[in-house]
Each structure stands twice: as structure tokens, then as C-alpha cells.
$ cat protein03.cif   # mmCIF, C-alpha atoms and all ligand atoms
data_target
loop_
_atom_site.label_atom_id
_atom_site.label_comp_id
_atom_site.auth_asym_id
_atom_site.auth_seq_id
_atom_site.Cartn_x
_atom_site.Cartn_y
_atom_site.Cartn_z
CA MET A 1221 7.87 39.05 59.20
CA GLU A 1222 9.84 40.91 56.60
CA LEU A 1223 8.20 43.48 54.31
CA ILE A 1224 9.95 43.43 50.92
CA ARG A 1225 9.25 46.13 48.31
CA GLN A 1226 11.94 45.47 45.67
CA ALA A 1227 12.03 42.58 43.18
CA ALA A 1228 15.79 42.11 43.60
CA ALA A 1229 15.42 42.00 47.39
CA MET A 1230 12.68 39.38 47.06
CA ALA A 1231 14.85 37.21 44.82
CA ALA A 1232 17.80 37.58 47.23
CA TRP A 1233 15.66 36.74 50.29
CA SER A 1234 14.36 33.58 48.60
CA GLY A 1235 17.83 32.68 47.32
CA GLU A 1236 19.26 32.72 50.84
CA ARG A 1237 16.43 30.54 52.24
CA LEU A 1238 16.70 28.08 49.37
CA LYS A 1239 20.47 27.82 49.91
CA GLU A 1240 19.71 26.85 53.51
CA GLY A 1241 17.53 24.06 52.10
CA ARG A 1242 14.23 25.61 53.20
CA ARG A 1243 10.99 25.13 51.27
CA LEU A 1244 8.84 28.12 50.41
CA ALA A 1245 5.08 28.35 49.89
CA LEU A 1246 3.72 31.33 47.96
CA VAL A 1247 0.29 32.89 48.44
CA PRO A 1248 -0.22 35.46 45.65
CA THR A 1249 -2.88 38.09 46.45
CA MET A 1250 -3.99 41.56 45.47
CA GLY A 1251 -4.10 42.54 49.13
CA CYS A 1252 -6.91 43.88 51.27
CA LEU A 1253 -6.55 40.55 52.97
CA HIS A 1254 -9.63 38.91 54.51
CA PRO A 1255 -10.32 35.57 56.22
CA GLY A 1256 -10.35 33.85 52.82
CA HIS A 1257 -6.69 34.84 52.39
CA ALA A 1258 -5.95 33.81 55.98
CA ALA A 1259 -7.21 30.33 55.06
CA LEU A 1260 -4.84 30.26 52.07
CA MET A 1261 -1.94 31.21 54.36
CA ALA A 1262 -2.87 28.55 56.89
CA ARG A 1263 -2.95 25.95 54.11
CA ALA A 1264 0.41 27.22 52.79
CA ALA A 1265 1.93 26.91 56.27
CA GLN A 1266 0.99 23.22 56.28
CA LEU A 1267 2.76 22.70 52.97
CA ALA A 1268 6.14 24.40 53.47
CA GLU A 1269 8.32 25.79 56.24
CA LEU A 1270 8.20 29.41 55.11
CA VAL A 1271 5.21 31.26 53.69
CA VAL A 1272 5.63 34.25 51.37
CA VAL A 1273 2.53 36.36 50.75
CA SER A 1274 2.56 38.73 47.80
CA VAL A 1275 0.35 41.81 47.68
CA PHE A 1276 0.20 43.42 44.27
CA VAL A 1277 -2.76 45.06 42.57
CA ASN A 1278 -1.66 44.01 39.12
CA PRO A 1279 -2.49 46.72 36.57
CA MET A 1280 -1.99 44.28 33.68
CA GLN A 1281 -5.01 42.17 34.64
CA PHE A 1282 -7.51 45.07 34.74
CA GLY A 1283 -9.32 46.31 31.65
CA PRO A 1284 -9.48 50.05 30.92
CA GLN A 1285 -13.08 50.27 32.23
CA GLU A 1286 -12.40 48.13 35.31
CA ASP A 1287 -11.82 48.97 38.96
CA PHE A 1288 -8.00 49.22 39.10
CA ASP A 1289 -8.04 52.74 40.55
CA ARG A 1290 -10.63 52.06 43.20
CA TYR A 1291 -9.51 48.52 44.06
CA PRO A 1292 -9.06 48.62 47.87
CA ARG A 1293 -5.49 48.95 49.14
CA ALA A 1294 -4.64 48.41 52.80
CA LEU A 1295 -0.94 47.55 53.10
CA GLU A 1296 -0.64 48.26 56.82
CA GLN A 1297 -3.56 45.97 57.66
CA ASP A 1298 -2.24 43.39 55.19
CA CYS A 1299 1.12 43.37 56.99
CA ALA A 1300 -0.62 42.80 60.32
CA LEU A 1301 -2.80 40.01 58.93
CA ALA A 1302 0.05 38.28 57.10
CA SER A 1303 2.25 38.50 60.17
CA THR A 1304 -0.49 37.08 62.44
CA GLY A 1305 -1.05 34.39 59.81
CA GLY A 1306 2.57 33.31 60.20
CA ALA A 1307 4.01 34.63 56.93
CA ALA A 1308 7.79 34.92 56.91
CA ALA A 1309 7.77 37.63 54.24
CA LEU A 1310 5.28 39.92 52.57
CA PHE A 1311 6.28 41.00 49.07
CA ALA A 1312 4.53 44.24 48.11
CA PRO A 1313 6.20 45.83 45.08
CA GLU A 1314 5.06 49.03 43.37
CA ALA A 1315 3.75 48.62 39.81
CA GLY A 1316 6.93 50.18 38.33
CA GLU A 1317 9.02 47.60 40.17
CA LEU A 1318 7.41 44.66 38.34
CA TYR A 1319 6.74 46.55 35.10
CA PRO A 1320 9.65 48.93 34.57
CA PRO A 1321 9.71 51.18 31.49
CA GLY A 1322 10.16 49.09 28.37
CA PHE A 1323 8.40 46.02 29.79
CA LYS A 1324 6.66 44.40 26.82
CA THR A 1325 6.35 40.70 27.62
CA LYS A 1326 3.02 38.89 27.96
CA VAL A 1327 2.36 35.30 28.92
CA VAL A 1328 -0.58 33.91 26.94
CA VAL A 1329 -2.15 30.65 28.06
CA GLY A 1330 -4.27 29.20 25.26
CA GLY A 1331 -7.39 27.09 25.62
CA VAL A 1332 -8.53 27.34 29.22
CA SER A 1333 -8.13 31.13 29.37
CA GLU A 1334 -10.49 31.64 26.43
CA GLY A 1335 -14.23 31.99 27.10
CA LEU A 1336 -16.00 32.66 30.41
CA CYS A 1337 -14.09 35.40 32.31
CA GLY A 1338 -11.55 35.45 29.47
CA ALA A 1339 -14.32 36.51 27.06
CA SER A 1340 -15.81 39.14 29.40
CA ARG A 1341 -12.44 40.51 30.46
CA PRO A 1342 -10.15 40.61 27.39
CA GLY A 1343 -6.48 40.48 28.39
CA HIS A 1344 -7.28 39.59 32.01
CA PHE A 1345 -5.67 36.17 32.04
CA GLU A 1346 -2.61 37.41 30.16
CA GLY A 1347 -2.14 39.86 33.01
CA VAL A 1348 -2.66 37.15 35.62
CA ALA A 1349 -0.35 34.67 33.87
CA THR A 1350 2.38 37.28 33.37
CA VAL A 1351 2.44 38.41 36.98
CA VAL A 1352 2.21 34.86 38.33
CA VAL A 1353 5.21 33.82 36.20
CA LYS A 1354 7.15 36.81 37.55
CA LEU A 1355 6.20 35.93 41.14
CA PHE A 1356 7.19 32.29 40.60
CA ASN A 1357 10.59 33.37 39.25
CA LEU A 1358 11.26 35.87 42.04
CA VAL A 1359 10.07 33.73 44.96
CA ARG A 1360 10.87 30.26 43.57
CA PRO A 1361 8.33 28.46 45.78
CA THR A 1362 7.90 24.70 46.03
CA VAL A 1363 4.16 25.17 46.28
CA ALA A 1364 1.70 28.00 45.59
CA VAL A 1365 -1.79 28.28 47.02
CA PHE A 1366 -4.70 29.93 45.18
CA GLY A 1367 -8.39 30.28 46.04
CA GLU A 1368 -10.89 28.13 44.16
CA LYS A 1369 -13.26 31.09 43.94
CA ASP A 1370 -11.34 32.09 40.82
CA PHE A 1371 -11.85 28.65 39.31
CA GLN A 1372 -10.84 29.57 35.76
CA GLN A 1373 -7.78 31.44 37.06
CA LEU A 1374 -6.72 28.34 38.99
CA THR A 1375 -7.12 26.24 35.83
CA VAL A 1376 -5.08 28.76 33.82
CA ILE A 1377 -2.31 28.74 36.44
CA ARG A 1378 -2.23 24.94 36.54
CA ALA A 1379 -1.90 24.95 32.73
CA LEU A 1380 0.95 27.47 32.65
CA THR A 1381 2.79 25.73 35.50
CA ARG A 1382 2.61 22.45 33.58
CA ASP A 1383 3.28 23.90 30.13
CA LEU A 1384 6.25 26.01 31.23
CA ASN A 1385 7.72 23.26 33.46
CA PHE A 1386 7.79 25.29 36.67
CA GLY A 1387 7.76 22.19 38.83
CA ILE A 1388 5.71 24.06 41.40
CA GLU A 1389 2.82 22.30 43.13
CA ILE A 1390 -0.39 24.30 42.63
CA VAL A 1391 -2.88 23.89 45.46
CA GLY A 1392 -6.46 25.14 45.23
CA HIS A 1393 -8.17 26.09 48.47
CA PRO A 1394 -11.96 25.80 48.83
CA ILE A 1395 -14.03 28.98 48.78
CA VAL A 1396 -14.39 30.65 52.16
CA ARG A 1397 -17.89 32.06 52.65
CA GLU A 1398 -19.59 34.58 54.90
CA ALA A 1399 -22.13 33.08 57.33
CA ASP A 1400 -24.95 33.77 54.85
CA GLY A 1401 -23.16 32.06 51.94
CA LEU A 1402 -21.57 34.98 50.05
CA ALA A 1403 -18.10 33.99 48.82
CA MET A 1404 -15.48 36.21 50.46
CA SER A 1405 -13.95 38.77 48.11
CA SER A 1406 -12.21 42.10 48.46
CA ARG A 1407 -14.81 43.46 46.02
CA ASN A 1408 -17.69 42.70 48.44
CA ARG A 1409 -16.92 46.00 50.14
CA TYR A 1410 -18.20 47.84 47.05
CA LEU A 1411 -21.74 46.54 47.68
CA SER A 1412 -24.44 48.78 49.15
CA PRO A 1413 -26.76 47.03 51.67
CA PRO A 1414 -29.42 46.22 49.00
CA GLU A 1415 -26.71 44.99 46.62
CA ARG A 1416 -25.20 42.90 49.40
CA ARG A 1417 -28.58 41.16 49.77
CA SER A 1418 -28.85 40.67 46.00
CA ALA A 1419 -25.33 39.21 45.91
CA LEU A 1420 -26.68 36.17 47.73
CA CYS A 1421 -28.21 35.15 44.39
CA LEU A 1422 -24.89 33.46 43.55
CA SER A 1423 -24.64 31.06 46.47
CA ARG A 1424 -28.42 30.51 46.27
CA ALA A 1425 -28.15 29.56 42.59
CA LEU A 1426 -25.38 27.13 43.42
CA ARG A 1427 -27.42 25.57 46.23
CA GLU A 1428 -30.49 25.29 44.02
CA ALA A 1429 -28.52 23.78 41.15
CA ARG A 1430 -27.20 21.12 43.52
CA GLN A 1431 -30.75 20.43 44.70
CA MET A 1432 -31.93 20.06 41.09
CA VAL A 1433 -29.14 17.59 40.39
CA ALA A 1434 -29.85 15.67 43.61
CA ALA A 1435 -33.52 15.49 42.51
CA GLY A 1436 -32.45 13.87 39.23
CA LEU A 1437 -32.14 16.77 36.79
CA LYS A 1438 -29.03 16.14 34.70
CA ASP A 1439 -29.60 18.26 31.59
CA CYS A 1440 -27.25 21.26 31.93
CA GLN A 1441 -29.30 23.55 29.66
CA ASP A 1442 -32.43 22.86 31.75
CA ILE A 1443 -30.57 23.70 34.94
CA LEU A 1444 -29.08 26.88 33.47
CA THR A 1445 -32.45 28.05 32.10
CA ARG A 1446 -34.07 27.66 35.52
CA LEU A 1447 -31.23 29.49 37.27
CA GLU A 1448 -31.28 32.26 34.70
CA ALA A 1449 -35.01 32.81 35.24
CA GLN A 1450 -34.40 33.26 38.96
CA LEU A 1451 -31.41 35.56 38.54
CA VAL A 1452 -33.03 37.92 36.04
CA ALA A 1453 -35.97 38.39 38.43
CA ASP A 1454 -33.73 40.61 40.61
CA PRO A 1455 -33.44 44.07 39.00
CA LEU A 1456 -30.05 44.68 40.65
CA VAL A 1457 -28.54 41.59 39.00
CA VAL A 1458 -27.21 41.39 35.45
CA ILE A 1459 -25.88 38.01 34.33
CA ASP A 1460 -22.45 37.94 32.72
CA TYR A 1461 -22.42 34.17 32.25
CA LEU A 1462 -23.65 30.91 33.72
CA ALA A 1463 -22.05 27.67 32.61
CA VAL A 1464 -21.68 24.04 33.53
CA VAL A 1465 -18.19 22.87 32.62
CA SER A 1466 -15.80 20.05 33.33
CA GLY A 1467 -13.70 20.88 36.39
CA HIS A 1468 -10.66 19.42 34.58
CA ASP A 1469 -10.51 21.50 31.41
CA LEU A 1470 -13.48 23.91 31.55
CA ALA A 1471 -15.10 22.21 28.54
CA PRO A 1472 -18.86 22.98 28.44
CA GLN A 1473 -21.03 20.02 29.38
CA SER A 1474 -24.50 18.98 28.30
CA ARG A 1475 -25.11 16.34 31.04
CA VAL A 1476 -24.10 16.66 34.68
CA GLY A 1477 -21.36 14.26 35.76
CA ARG A 1478 -19.09 13.92 38.78
CA ASP A 1479 -16.68 16.54 37.43
CA SER A 1480 -19.36 19.15 36.62
CA VAL A 1481 -18.77 22.62 37.96
CA LEU A 1482 -21.29 25.44 37.84
CA LEU A 1483 -19.55 28.74 37.09
CA LEU A 1484 -21.40 31.99 37.71
CA ALA A 1485 -20.49 35.60 36.96
CA VAL A 1486 -22.91 38.45 37.53
CA ARG A 1487 -22.88 42.17 37.97
CA VAL A 1488 -24.67 43.45 41.06
CA GLY A 1489 -24.93 47.19 40.51
CA GLN A 1490 -21.42 48.17 39.35
CA THR A 1491 -19.72 45.22 41.04
CA ARG A 1492 -18.75 42.08 39.16
CA LEU A 1493 -18.97 38.96 41.34
CA ILE A 1494 -18.15 35.33 40.61
CA ASP A 1495 -18.86 32.04 42.36
CA ASN A 1496 -18.67 28.37 41.51
CA GLY A 1497 -18.96 24.87 42.85
CA TYR A 1498 -19.10 21.22 41.91
CA LEU A 1499 -22.69 20.14 41.32
CA ILE A 1500 -22.25 16.70 42.85
CA ARG A 1501 -20.64 16.95 46.22
CA GLU A 1502 -18.76 14.16 47.87
CA ASP A 1503 -19.74 15.33 51.40
O1 LIG B 1 -6.42 36.13 42.52
C1 LIG B 1 -5.74 37.17 42.64
O2 LIG B 1 -5.78 37.86 43.67
C2 LIG B 1 -4.87 37.63 41.48
O3 LIG B 1 -5.47 37.39 40.27
C3 LIG B 1 -3.45 37.03 41.52
C4 LIG B 1 -3.45 35.52 41.40
C5 LIG B 1 -2.77 37.44 42.82
C6 LIG B 1 -2.62 37.58 40.36
O4 LIG B 1 -2.54 38.98 40.40
#

$ encode --input "protein03.cif" --output "C-alpha cells" --more "lines below"
Ligand code: PAF
Amino acid sequence: MELIRQAAAMAAWSGERLKEGRRLALVPTMGCLHPGHAALMARAAQLAELVVVSVFVNPMQFGPQEDFDRYPRALEQDCALASTGGAAALFAPEAGELYPPGFKTKVVVGGVSEGLCGASRPGHFEGVATVVVKLFNLVRPTVAVFGEKDFQQLTVIRALTRDLNFGIEIVGHPIVREADGLAMSSRNRYLSPPERRSALCLSRALREARQMVAAGLKDCQDILTRLEAQLVADPLVVIDYLAVVSGHDLAPQSRVGRDSVLLLAVRVGQTRLIDNGYLIRED
């Protein structure tokens, strides 16, 4: 596996492979790779001959009060994991490499990036969209794989890929969970043992919402009110938002249908965690 640190070197590496007629799959990450990322790489390897993993803690998608400085960085381990996972290249630029002095461009995706995490984290999706566009242009993949844990992010990236005619297939990979149900995330390592226990409120809420729907409850406000009452009972948990939306366009719903997704964002102590899932499961 090749470790690439420069944007120009990344573009040249991809250019050579594309000239040879090879297809590339991109797995964009912020590093500190865990089994959830390994699953994205495995999926990517099924979709194209060569997998490129990017590791970049993107300053543009963090707010001034957010965890950019303490976000975990583990490049050596990431190289080992990406290499074991079969990646052909790991692209890990420094911030100044992607945002040199004078960089002033922002990609703004309207509609689906407003509300939910977009409301709680102003500027977040502009940062995500901008860096994803840069990665698409440098790597020029045929397909890119993203985790469904960031459901709104995935919707934003689908929108920008379509609206800007990238012609890249966007594949969402199902959430990978710990044995007890917690969705895997690099931020889970911030949690103290009591917070780690409280963090299970997310997957529990999702499970209970599905049970309510299976028992015949279809009114979204009713479901959300019940979930809210359970979540606020834990003093370590502060709700950011709970919503039932259409999985297609994130439009809020009043009645549960086949496309209904429950989106959850909470703060457990200082750590912001998100989770989601369809309320009616096919399996
Ligand atoms: O999901 C992430 O890790 C990041 O938001 C992404 C897509 C790599 C962009 O920085």
C-alpha cells in the first residue's frame, strides 16, 4: 500500500491507474480507523479493483467550539489497518495541503444540508461538501463508500454528486455496531465508563421506536414524545434533536411509512453522538 501525503501526488497516482483502465473506489475518512471503516473498505473492494482510503481531519467541518484539536489521530495504526484491509493507497494530506493560503472556496449544498445536524453545527456540511469535492477531483473514483451512520451527510453527498454531475456512484454502508448496540464511532473513545453506558440510549431508542411501530403506533409526534421522555430521564444525556424523516429527502414526516428514518443526536457528557435507522425493517 502506498502512503500519499501530497495532493499532486494523489492526482498523479490516480491518473496513472485510470490510464491503465483501472477502476478506483474511494473511502473518505477522518482516520482513527475502526471496524466500521474496515467494513467500508471491504465493501469498496467489492466495487472496484483498487481502493483508496483518505484520512483527513477536515478543519473546515468543525465549528470553533468543536473537537477539532482533540479529535483522535493515529496515522500509523490507520496505515496498518488500511493495508490489512486491502487498500492500494492511503491519502493522508496535511491541512495546508488541501487548504493552502488564499483558499476561499466553499461548496454549499442547499435543502438537505439545512436543519438537523446542519442547524446544530453551522457550516459543518459546507466543510464536508468542500472536502469531498476536492477528494473526488483528486482521486477520480468510479464509486465512493460512506457510512450510513452519518445519514444526513450521505444525503448531502448524494445531492452534490448529482447536482454537480460527478458521475460517481455513492454507496451507503449500514451502521456497524458494538456487541451491545452502540454505533461505532471514533468519538466513542471520549466516553467515560458511565457515559459509555448512557450512550446506549441511542440504539435503545431506535429499538423501542421500531417496537412501537410494529405494535401499530404510526404517529411520529407520539413516538418522538415517548422517546424524549425516556432520554431526558438520564442526567448524562442532553437531546440535540430527534426526528422522523423521509429517507429520500430528509423531509419531516407526521405518519410512519416504509421510508421513515428515525434520526437521533444527543450529547452524552461533552460528546456529541448520532444514530439512525429505518423504522420499518425489511428483515
Ligand atoms: O464522515 C467522515 O468521516 C467525514 O465527514 C468525511 C466524509 C470523511 C469528510 O471529511

$ residues_around --input "protein03.cif" --residues "His1254 in chain A" --least-positions-apart "6" --cutoff "12 Å" --atoms "all atoms listed in the file" --output "ChimeraX atom specification"
/A:1260-1261,1292,1294,1297-1302,1305,1396-1398,1403-1409

$ residues_near_ligand --input "protein03.cif" --ligand "ligand LIG 1 (chain B)" --cutoff "6 Å" --atoms "only C-alpha atoms and all ligand atoms" --output "list in words"
Pro1248, Thr1249, Met1250, Asn1278, Val1348 and Val1352 of chain A

$ residues_around --input "protein03.cif" --residues "range 1373-1382 of chain A" --least-positions-apart "2" --cutoff "9 Å" --atoms "all atoms listed in the file" --output "PDB file with C-alpha atoms, in the frame of the given file"
ATOM      1  CA  VAL A1327       2.360  35.300  28.920  1.00  0.00           C
ATOM      2  CA  VAL A1328      -0.580  33.910  26.940  1.00  0.00           C
ATOM      3  CA  VAL A1329      -2.150  30.650  28.060  1.00  0.00           C
ATOM      4  CA  GLY A1330      -4.270  29.200  25.260  1.00  0.00           C
ATOM      5  CA  GLY A1331      -7.390  27.090  25.620  1.00  0.00           C
ATOM      6  CA  VAL A1332      -8.530  27.340  29.220  1.00  0.00           C
ATOM      7  CA  SER A1333      -8.130  31.130  29.370  1.00  0.00           C
ATOM      8  CA  CYS A1337     -14.090  35.400  32.310  1.00  0.00           C
ATOM      9  CA  PHE A1345      -5.670  36.170  32.040  1.00  0.00           C
ATOM     10  CA  VAL A1348      -2.660  37.150  35.620  1.00  0.00           C
ATOM     11  CA  ALA A1349      -0.350  34.670  33.870  1.00  0.00           C
ATOM     12  CA  VAL A1352       2.210  34.860  38.330  1.00  0.00           C
ATOM     13  CA  VAL A1353       5.210  33.820  36.200  1.00  0.00           C
ATOM     14  CA  PHE A1366      -4.700  29.930  45.180  1.00  0.00           C
ATOM     15  CA  GLY A1367      -8.390  30.280  46.040  1.00  0.00           C
ATOM     16  CA  GLU A1368     -10.890  28.130  44.160  1.00  0.00           C
ATOM     17  CA  LYS A1369     -13.260  31.090  43.940  1.00  0.00           C
ATOM     18  CA  ASP A1370     -11.340  32.090  40.820  1.00  0.00           C
ATOM     19  CA  PHE A1371     -11.850  28.650  39.310  1.00  0.00           C
ATOM     20  CA  LEU A1384       6.250  26.010  31.230  1.00  0.00           C
ATOM     21  CA  ASN A1385       7.720  23.260  33.460  1.00  0.00           C
ATOM     22  CA  PHE A1386       7.790  25.290  36.670  1.00  0.00           C
ATOM     23  CA  GLY A1387       7.760  22.190  38.830  1.00  0.00           C
ATOM     24  CA  ILE A1388       5.710  24.060  41.400  1.00  0.00           C
ATOM     25  CA  GLU A1389       2.820  22.300  43.130  1.00  0.00           C
ATOM     26  CA  ILE A1390      -0.390  24.300  42.630  1.00  0.00           C
ATOM     27  CA  VAL A1391      -2.880  23.890  45.460  1.00  0.00           C
ATOM     28  CA  GLY A1392      -6.460  25.140  45.230  1.00  0.00           C
ATOM     29  CA  GLY A1467     -13.700  20.880  36.390  1.00  0.00           C
ATOM     30  CA  HIS A1468     -10.660  19.420  34.580  1.00  0.00           C
ATOM     31  CA  ASP A1469     -10.510  21.500  31.410  1.00  0.00           C
ATOM     32  CA  LEU A1470     -13.480  23.910  31.550  1.00  0.00           C
TER      33      LEU A1470
END

$ closest_residue --input "protein03.cif" --among "A:Gly1489, A:Pro1394, A:Gly1401, A:Pro1472" --to "Pro1414 in chain A" --atoms "only C-alpha atoms"
A:Gly1489

$ residues_around --input "protein03.cif" --residues "Ala1364 in chain A" --least-positions-apart "2" --cutoff "6 Å" --atoms "only C-alpha atoms" --output "list of chain:residue names"
A:Ala1245, A:Leu1246, A:Val1247, A:Ile1390

$ closest_residue --input "protein03.cif" --among "A:Glu1296, A:Asp1479, A:Asp1289, A:Asp1495" --to "Leu1420 in chain A" --atoms "only C-alpha atoms"
A:Asp1495

$ atom_distance --input "protein03.cif" --atom1 "CA of Ile1500 in chain A" --atom2 "CA of Ala1453 in chain A"
26.0 Å

$ closest_residue --input "protein03.cif" --among "A:Val1457, A:Leu1451, A:Leu1253, A:Leu1422" --to "Gly1497 in chain A" --atoms "only C-alpha atoms"
A:Leu1422

$ atom_distance --input "protein03.cif" --atom1 "CA of Ala1307 in chain A" --atom2 "CA of Val1272 in chain A"
5.8 Å

$ closest_residue --input "protein03.cif" --among "A:His1393, A:Asp1454, A:Ala1339, A:Asp1439" --to "His1257 in chain A" --atoms "all atoms listed in the file"
A:His1393

$ closest_residue --input "protein03.cif" --among "A:Ile1395, A:Arg1293, A:Leu1402, A:Leu1499" --to "Leu1426 in chain A" --atoms "all atoms listed in the file"
A:Leu1499

$ residues_around --input "protein03.cif" --residues "Met1432 in chain A" --least-positions-apart "5" --cutoff "12 Å" --atoms "all atoms listed in the file" --output "ChimeraX atom specification"
/A:1425-1427,1437-1440,1442-1444,1446-1447,1476,1499-1500

$ closest_residue --input "protein03.cif" --among "A:Glu1448, A:Lys1324, A:Leu1493, A:Thr1304" --to "Pro1255 in chain A" --atoms "all atoms listed in the file"
A:Thr1304

$ build_atoms --input "protein03.cif" --residues "range 1428-1450 of chain A" --atoms "N, CA, C and O atoms" --output "short mmCIF file (atom, residue, chain, number, x, y, z; two decimals), in the coordinates of the input"
data_model
loop_
_atom_site.label_atom_id
_atom_site.label_comp_id
_atom_site.auth_asym_id
_atom_site.auth_seq_id
_atom_site.Cartn_x
_atom_site.Cartn_y
_atom_site.Cartn_z
N GLU A 1428 -29.32 25.81 44.73
CA GLU A 1428 -30.49 25.29 44.02
C GLU A 1428 -30.09 24.35 42.89
O GLU A 1428 -30.76 23.35 42.65
N ALA A 1429 -28.99 24.67 42.23
CA ALA A 1429 -28.52 23.78 41.15
C ALA A 1429 -28.17 22.40 41.74
O ALA A 1429 -28.50 21.37 41.15
N ARG A 1430 -27.55 22.41 42.90
CA ARG A 1430 -27.20 21.12 43.52
C ARG A 1430 -28.46 20.35 43.90
O ARG A 1430 -28.51 19.12 43.76
N GLN A 1431 -29.49 21.10 44.35
CA GLN A 1431 -30.75 20.43 44.70
C GLN A 1431 -31.40 19.83 43.45
O GLN A 1431 -31.93 18.73 43.49
N MET A 1432 -31.34 20.58 42.34
CA MET A 1432 -31.93 20.06 41.09
C MET A 1432 -31.24 18.77 40.69
O MET A 1432 -31.87 17.79 40.31
N VAL A 1433 -29.91 18.78 40.79
CA VAL A 1433 -29.14 17.59 40.39
C VAL A 1433 -29.46 16.43 41.33
O VAL A 1433 -29.69 15.29 40.89
N ALA A 1434 -29.55 16.73 42.63
CA ALA A 1434 -29.85 15.67 43.61
C ALA A 1434 -31.24 15.10 43.35
O ALA A 1434 -31.49 13.91 43.58
N ALA A 1435 -32.15 15.95 42.81
CA ALA A 1435 -33.52 15.49 42.51
C ALA A 1435 -33.59 14.77 41.16
O ALA A 1435 -34.67 14.36 40.74
N GLY A 1436 -32.47 14.68 40.45
CA GLY A 1436 -32.45 13.87 39.23
C GLY A 1436 -32.31 14.65 37.94
O GLY A 1436 -32.23 14.06 36.86
N LEU A 1437 -32.29 15.99 38.02
CA LEU A 1437 -32.14 16.77 36.79
C LEU A 1437 -30.68 16.74 36.35
O LEU A 1437 -29.79 17.13 37.12
N LYS A 1438 -30.43 16.29 35.14
CA LYS A 1438 -29.03 16.14 34.70
C LYS A 1438 -28.73 16.95 33.44
O LYS A 1438 -27.59 17.04 33.02
N ASP A 1439 -29.80 17.50 32.82
CA ASP A 1439 -29.60 18.26 31.59
C ASP A 1439 -29.10 19.67 31.94
O ASP A 1439 -29.80 20.45 32.60
N CYS A 1440 -27.88 19.99 31.51
CA CYS A 1440 -27.25 21.26 31.93
C CYS A 1440 -28.05 22.46 31.44
O CYS A 1440 -28.22 23.44 32.17
N GLN A 1441 -28.55 22.40 30.18
CA GLN A 1441 -29.30 23.55 29.66
C GLN A 1441 -30.55 23.81 30.49
O GLN A 1441 -30.88 24.95 30.79
N ASP A 1442 -31.23 22.74 30.89
CA ASP A 1442 -32.43 22.86 31.75
C ASP A 1442 -32.08 23.56 33.06
O ASP A 1442 -32.79 24.46 33.50
N ILE A 1443 -30.99 23.12 33.65
CA ILE A 1443 -30.57 23.70 34.94
C ILE A 1443 -30.25 25.18 34.75
O ILE A 1443 -30.71 26.04 35.51
N LEU A 1444 -29.50 25.49 33.70
CA LEU A 1444 -29.08 26.88 33.47
C LEU A 1444 -30.28 27.78 33.18
O LEU A 1444 -30.35 28.92 33.65
N THR A 1445 -31.25 27.25 32.42
CA THR A 1445 -32.45 28.05 32.10
C THR A 1445 -33.22 28.39 33.37
O THR A 1445 -33.68 29.51 33.56
N ARG A 1446 -33.34 27.41 34.25
CA ARG A 1446 -34.07 27.66 35.52
C ARG A 1446 -33.33 28.69 36.38
O ARG A 1446 -33.94 29.58 36.97
N LEU A 1447 -32.02 28.54 36.45
CA LEU A 1447 -31.23 29.49 37.27
C LEU A 1447 -31.32 30.90 36.69
O LEU A 1447 -31.49 31.87 37.42
N GLU A 1448 -31.23 30.96 35.38
CA GLU A 1448 -31.28 32.26 34.70
C GLU A 1448 -32.59 32.97 35.01
O GLU A 1448 -32.60 34.16 35.32
N ALA A 1449 -33.70 32.22 34.97
CA ALA A 1449 -35.01 32.81 35.24
C ALA A 1449 -35.05 33.41 36.64
O ALA A 1449 -35.62 34.48 36.86
N GLN A 1450 -34.41 32.74 37.60
CA GLN A 1450 -34.40 33.26 38.96
C GLN A 1450 -33.51 34.49 39.07
O GLN A 1450 -33.86 35.47 39.72
#
